[in-house]
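Listing of model-v2.pdb, PDB, N, CA and C atoms
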```
ATOM      1  N   MET A   1       0.841  -1.184   0.000
ATOM      2  CA  MET A   1       0.000   0.000   0.000
ATOM      3  C   MET A   1       0.882   1.241   0.000
ATOM      4  N   ALA A   2       0.605   2.169  -0.898
ATOM      5  CA  ALA A   2       1.407   3.388  -1.007
ATOM      6  C   ALA A   2       1.036   4.355   0.112
ATOM      7  N   SER A   3       2.036   5.016   0.619
ATOM      8  CA  SER A   3       1.770   6.007   1.660
ATOM      9  C   SER A   3       1.084   7.223   1.038
ATOM     10  N   PRO A   4       0.304   7.972   1.824
ATOM     11  CA  PRO A   4      -0.410   9.132   1.276
ATOM     12  C   PRO A   4       0.493  10.156   0.619
ATOM     13  N   SER A   5       1.714  10.285   1.097
ATOM     14  CA  SER A   5       2.614  11.284   0.523
ATOM     15  C   SER A   5       3.112  10.886  -0.867
ATOM     16  N   ARG A   6       3.003   9.624  -1.212
ATOM     17  CA  ARG A   6       3.492   9.167  -2.510
ATOM     18  C   ARG A   6       2.411   9.164  -3.578
ATOM     19  N   ARG A   7       1.169   9.280  -3.200
ATOM     20  CA  ARG A   7       0.085   9.296  -4.174
ATOM     21  C   ARG A   7       0.058  10.638  -4.887
ATOM     22  N   ARG A   8      -0.136  10.583  -6.182
ATOM     23  CA  ARG A   8      -0.258  11.829  -6.946
ATOM     24  C   ARG A   8      -1.713  12.065  -7.237
ATOM     25  N   ARG A   9      -2.182  13.222  -6.899
ATOM     26  CA  ARG A   9      -3.559  13.598  -7.187
ATOM     27  C   ARG A   9      -3.547  14.731  -8.198
ATOM     28  N   ALA A  10      -4.511  14.687  -9.081
ATOM     29  CA  ALA A  10      -4.650  15.796 -10.022
ATOM     30  C   ALA A  10      -5.181  16.998  -9.244
ATOM     31  N   PRO A  11      -4.592  18.154  -9.440
ATOM     32  CA  PRO A  11      -5.099  19.344  -8.745
ATOM     33  C   PRO A  11      -6.543  19.620  -9.140
ATOM     34  N   LYS A  12      -7.319  20.119  -8.195
ATOM     35  CA  LYS A  12      -8.728  20.399  -8.469
ATOM     36  C   LYS A  12      -8.876  21.467  -9.533
ATOM     37  N   ASP A  13      -8.016  22.474  -9.501
ATOM     38  CA  ASP A  13      -8.090  23.573 -10.457
ATOM     39  C   ASP A  13      -6.747  23.696 -11.163
ATOM     40  N   GLU A  14      -6.455  22.705 -11.971
ATOM     41  CA  GLU A  14      -5.141  22.635 -12.595
ATOM     42  C   GLU A  14      -4.913  23.758 -13.601
ATOM     43  N   LEU A  15      -3.652  24.057 -13.839
ATOM     44  CA  LEU A  15      -3.263  25.015 -14.874
ATOM     45  C   LEU A  15      -3.066  24.245 -16.172
ATOM     46  N   LEU A  16      -3.758  24.671 -17.199
ATOM     47  CA  LEU A  16      -3.647  24.020 -18.502
ATOM     48  C   LEU A  16      -2.745  24.838 -19.411
ATOM     49  N   PRO A  17      -1.832  24.186 -20.130
ATOM     50  CA  PRO A  17      -1.006  24.929 -21.088
ATOM     51  C   PRO A  17      -1.862  25.444 -22.237
ATOM     52  N   LEU A  18      -1.428  26.521 -22.838
ATOM     53  CA  LEU A  18      -2.192  27.163 -23.909
ATOM     54  C   LEU A  18      -2.513  26.188 -25.038
ATOM     55  N   SER A  19      -1.601  25.318 -25.394
ATOM     56  CA  SER A  19      -1.858  24.373 -26.490
ATOM     57  C   SER A  19      -3.064  23.488 -26.193
ATOM     58  N   ASP A  20      -3.222  23.048 -24.935
ATOM     59  CA  ASP A  20      -4.382  22.235 -24.558
ATOM     60  C   ASP A  20      -5.667  23.055 -24.620
ATOM     61  N   VAL A  21      -5.586  24.312 -24.193
ATOM     62  CA  VAL A  21      -6.748  25.197 -24.212
ATOM     63  C   VAL A  21      -7.202  25.428 -25.654
ATOM     64  N   LEU A  22      -6.264  25.711 -26.541
ATOM     65  CA  LEU A  22      -6.597  25.955 -27.949
ATOM     66  C   LEU A  22      -7.260  24.734 -28.566
ATOM     67  N   GLU A  23      -6.748  23.564 -28.253
ATOM     68  CA  GLU A  23      -7.315  22.333 -28.792
ATOM     69  C   GLU A  23      -8.726  22.104 -28.253
ATOM     70  N   GLU A  24      -8.925  22.355 -26.971
ATOM     71  CA  GLU A  24     -10.238  22.131 -26.367
ATOM     72  C   GLU A  24     -11.290  23.105 -26.897
ATOM     73  N   ILE A  25     -10.900  24.362 -27.114
ATOM     74  CA  ILE A  25     -11.842  25.347 -27.643
ATOM     75  C   ILE A  25     -11.998  25.187 -29.157
ATOM     76  N   GLY A  26     -10.942  24.725 -29.813
ATOM     77  CA  GLY A  26     -10.994  24.533 -31.259
ATOM     78  C   GLY A  26     -10.650  25.777 -32.040
ATOM     79  N   ILE A  27      -9.670  26.548 -31.548
ATOM     80  CA  ILE A  27      -9.235  27.759 -32.249
ATOM     81  C   ILE A  27      -7.732  27.711 -32.482
ATOM     82  N   THR A  28      -7.265  28.599 -33.352
ATOM     83  CA  THR A  28      -5.829  28.689 -33.620
ATOM     84  C   THR A  28      -5.176  29.657 -32.631
ATOM     85  N   ARG A  29      -3.869  29.618 -32.590
ATOM     86  CA  ARG A  29      -3.119  30.535 -31.729
ATOM     87  C   ARG A  29      -3.346  31.989 -32.161
ATOM     88  N   ALA A  30      -3.448  32.228 -33.461
ATOM     89  CA  ALA A  30      -3.702  33.587 -33.962
ATOM     90  C   ALA A  30      -5.050  34.099 -33.469
ATOM     91  N   THR A  31      -6.063  33.234 -33.502
ATOM     92  CA  THR A  31      -7.385  33.627 -33.009
ATOM     93  C   THR A  31      -7.317  33.929 -31.519
ATOM     94  N   TRP A  32      -6.579  33.107 -30.769
ATOM     95  CA  TRP A  32      -6.421  33.329 -29.322
ATOM     96  C   TRP A  32      -5.890  34.734 -29.053
ATOM     97  N   TYR A  33      -4.821  35.133 -29.742
ATOM     98  CA  TYR A  33      -4.227  36.442 -29.504
ATOM     99  C   TYR A  33      -5.146  37.580 -29.978
ATOM    100  N   ARG A  34      -5.876  37.352 -31.053
ATOM    101  CA  ARG A  34      -6.842  38.352 -31.506
ATOM    102  C   ARG A  34      -7.931  38.532 -30.452
ATOM    103  N   TRP A  35      -8.433  37.426 -29.912
ATOM    104  CA  TRP A  35      -9.437  37.499 -28.848
ATOM    105  C   TRP A  35      -8.881  38.216 -27.632
ATOM    106  N   ARG A  36      -7.660  37.892 -27.226
ATOM    107  CA  ARG A  36      -7.045  38.498 -26.036
ATOM    108  C   ARG A  36      -6.895  40.002 -26.211
ATOM    109  N   ASN A  37      -6.525  40.434 -27.414
ATOM    110  CA  ASN A  37      -6.383  41.873 -27.683
ATOM    111  C   ASN A  37      -7.716  42.600 -27.583
ATOM    112  N   ARG A  38      -8.801  41.882 -27.812
ATOM    113  CA  ARG A  38     -10.146  42.468 -27.727
ATOM    114  C   ARG A  38     -10.797  42.244 -26.359
ATOM    115  N   GLY A  39     -10.065  41.631 -25.435
ATOM    116  CA  GLY A  39     -10.583  41.398 -24.095
ATOM    117  C   GLY A  39     -11.549  40.231 -24.010
ATOM    118  N   PHE A  40     -11.462  39.306 -24.937
ATOM    119  CA  PHE A  40     -12.360  38.154 -24.985
ATOM    120  C   PHE A  40     -11.564  36.902 -24.638
ATOM    121  N   GLY A  41     -12.222  35.927 -24.059
ATOM    122  CA  GLY A  41     -11.572  34.655 -23.768
ATOM    123  C   GLY A  41     -11.381  34.450 -22.278
ATOM    124  N   PRO A  42     -10.968  33.246 -21.903
ATOM    125  CA  PRO A  42     -10.771  32.953 -20.483
ATOM    126  C   PRO A  42      -9.558  33.695 -19.936
ATOM    127  N   GLU A  43      -9.592  33.949 -18.643
ATOM    128  CA  GLU A  43      -8.468  34.620 -17.986
ATOM    129  C   GLU A  43      -7.240  33.713 -18.038
ATOM    130  N   ALA A  44      -6.136  34.262 -18.466
ATOM    131  CA  ALA A  44      -4.895  33.496 -18.584
ATOM    132  C   ALA A  44      -3.838  34.105 -17.677
ATOM    133  N   GLN A  45      -2.821  33.318 -17.393
ATOM    134  CA  GLN A  45      -1.712  33.830 -16.595
ATOM    135  C   GLN A  45      -0.412  33.263 -17.128
ATOM    136  N   ARG A  46       0.650  33.990 -16.893
ATOM    137  CA  ARG A  46       1.974  33.572 -17.331
ATOM    138  C   ARG A  46       2.691  32.949 -16.146
ATOM    139  N   THR A  47       3.277  31.788 -16.371
ATOM    140  CA  THR A  47       4.021  31.111 -15.317
ATOM    141  C   THR A  47       5.405  31.748 -15.196
ATOM    142  N   PRO A  48       6.131  31.464 -14.124
ATOM    143  CA  PRO A  48       7.482  32.018 -13.995
ATOM    144  C   PRO A  48       8.406  31.628 -15.153
ATOM    145  N   SER A  49       8.119  30.499 -15.780
ATOM    146  CA  SER A  49       8.952  30.081 -16.918
ATOM    147  C   SER A  49       8.543  30.759 -18.223
ATOM    148  N   GLY A  50       7.458  31.568 -18.186
ATOM    149  CA  GLY A  50       7.045  32.317 -19.363
ATOM    150  C   GLY A  50       5.917  31.686 -20.156
ATOM    151  N   ARG A  51       5.445  30.516 -19.743
ATOM    152  CA  ARG A  51       4.363  29.845 -20.457
ATOM    153  C   ARG A  51       3.021  30.475 -20.096
ATOM    154  N   ILE A  52       2.109  30.504 -21.065
ATOM    155  CA  ILE A  52       0.760  30.997 -20.819
ATOM    156  C   ILE A  52      -0.108  29.798 -20.454
ATOM    157  N   CYS A  53      -0.811  29.927 -19.339
ATOM    158  CA  CYS A  53      -1.674  28.852 -18.862
ATOM    159  C   CYS A  53      -3.031  29.421 -18.467
ATOM    160  N   VAL A  54      -4.020  28.544 -18.453
ATOM    161  CA  VAL A  54      -5.379  28.902 -18.080
ATOM    162  C   VAL A  54      -5.850  27.903 -17.026
ATOM    163  N   ARG A  55      -6.466  28.389 -15.977
ATOM    164  CA  ARG A  55      -7.017  27.494 -14.957
ATOM    165  C   ARG A  55      -8.218  26.755 -15.521
ATOM    166  N   ARG A  56      -8.358  25.500 -15.132
ATOM    167  CA  ARG A  56      -9.475  24.672 -15.592
ATOM    168  C   ARG A  56     -10.815  25.362 -15.304
ATOM    169  N   SER A  57     -10.960  25.960 -14.124
ATOM    170  CA  SER A  57     -12.225  26.613 -13.761
ATOM    171  C   SER A  57     -12.529  27.793 -14.681
ATOM    172  N   ALA A  58     -11.507  28.564 -15.068
ATOM    173  CA  ALA A  58     -11.712  29.703 -15.964
ATOM    174  C   ALA A  58     -12.106  29.229 -17.363
ATOM    175  N   LEU A  59     -11.492  28.154 -17.817
ATOM    176  CA  LEU A  59     -11.820  27.615 -19.137
ATOM    177  C   LEU A  59     -13.249  27.066 -19.150
ATOM    178  N   ASP A  60     -13.624  26.331 -18.111
ATOM    179  CA  ASP A  60     -14.978  25.792 -18.034
ATOM    180  C   ASP A  60     -16.022  26.906 -17.993
ATOM    181  N   ALA A  61     -15.744  27.958 -17.227
ATOM    182  CA  ALA A  61     -16.682  29.093 -17.145
ATOM    183  C   ALA A  61     -16.810  29.770 -18.525
ATOM    184  N   PHE A  62     -15.698  29.938 -19.221
ATOM    185  CA  PHE A  62     -15.712  30.550 -20.545
ATOM    186  C   PHE A  62     -16.526  29.687 -21.522
ATOM    187  N   LYS A  63     -16.319  28.390 -21.486
ATOM    188  CA  LYS A  63     -17.063  27.497 -22.382
ATOM    189  C   LYS A  63     -18.554  27.535 -22.075
ATOM    190  N   ASP A  64     -18.906  27.652 -20.793
ATOM    191  CA  ASP A  64     -20.318  27.779 -20.414
ATOM    192  C   ASP A  64     -20.929  29.057 -20.991
ATOM    193  N   GLU A  65     -20.151  30.162 -20.970
ATOM    194  CA  GLU A  65     -20.607  31.418 -21.545
ATOM    195  C   GLU A  65     -20.853  31.278 -23.047
ATOM    196  N   LEU A  66     -19.953  30.584 -23.731
ATOM    197  CA  LEU A  66     -20.105  30.393 -25.174
ATOM    198  C   LEU A  66     -21.367  29.601 -25.488
ATOM    199  N   GLU A  67     -21.632  28.553 -24.703
ATOM    200  CA  GLU A  67     -22.801  27.732 -24.935
ATOM    201  C   GLU A  67     -24.098  28.501 -24.653
ATOM    202  N   ALA A  68     -24.050  29.401 -23.669
ATOM    203  CA  ALA A  68     -25.252  30.161 -23.296
ATOM    204  C   ALA A  68     -25.586  31.232 -24.338
ATOM    205  N   ALA A  69     -24.570  31.687 -25.074
ATOM    206  CA  ALA A  69     -24.783  32.777 -26.032
ATOM    207  C   ALA A  69     -25.509  32.326 -27.284
TER     208      ALA A  69
END
```
Now, as a test, write the supplied structure out as structure tokens.
Amino acid sequence: MASPSRRRRAPKDELLPLSDVLEEIGITRATWYRWRNRGFGPEAQRTPSGRICVRRSALDAFKDELEAA
């Protein structure tokens, strides 16, 4: 039996890399940046390494908004 400290759990609100977000929404990187310049799209953040990531909760909320529209 593995000790609790050795078990890996997926974070509840994981950070998704931009490539995964683009694939899930079904848009290109160019569209992403065009949307961002217009203030549209899920809230994103830059990691210390410089990567753009989106929290799972922000992406889900954004997708819900798209479906409601």
Q: Using the chain letters and numbering of this document, enumerate as a list in words the residues selected by the PyMOL selection byres (((chain A and resi 21 and name CA) around 10) and name CA).
A: Leu15, Leu16, Pro17, Leu18, Ser19, Asp20, Leu22, Glu23, Glu24, Ile25, Gly26, Ile27, Arg29, Trp32, Pro42, Cys53, Val54, Arg55, Arg56 and Leu59 of chain A
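DSSP, applied to the backbone of this structure, assigns strand (DSSP E or B) to the following residues of chain A: Leu15, Leu16, Pro17, Ala44, Gln45, Arg46, Ile52, Cys53, Val54 and Arg55 of chain A.
Distance-wise, atom C of Ser57 of chain A and atom C of Phe40 of chain A end up 13.5 Å apart.
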Q.
For the alpha helix (DSSP H) assignment from backbone DSSP, which residues of chain A qualify? Please present them as a VMD selection string.
A. chain A and resid 18 to 25 29 to 37 56 to 68
Enclose the full set of atoms of segment 18-25 of chain A listed in the file within a box whose edges lie along x, y and z, apply 6 Å of padding to each of the six sides, and report centre and edge lengths in Å to one decimal as lines of an AutoDock Vina configuration file.
```
center_x = -6.7
center_y = 24.6
center_z = -26.0
size_x = 22.6
size_y = 17.1
size_z = 18.3
```
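Across the model, the gap from atom C of Thr31 of chain A to atom C of Glu43 of chain A is 13.5 Å.
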**Q.** Polymer residues at most 10 Å from Gly41 of chain A, only C-alpha atoms, same-chain spacing of 6 or more positions, as a PyMOL selection string
**A.** chain A and resi 32-35+58-59+62-63+65-66
**Q.** For atom CA of Thr28 of chain A and atom CA of Ala61 of chain A, the interatomic separation in Å (one decimal)
**A.** 19.7 Å
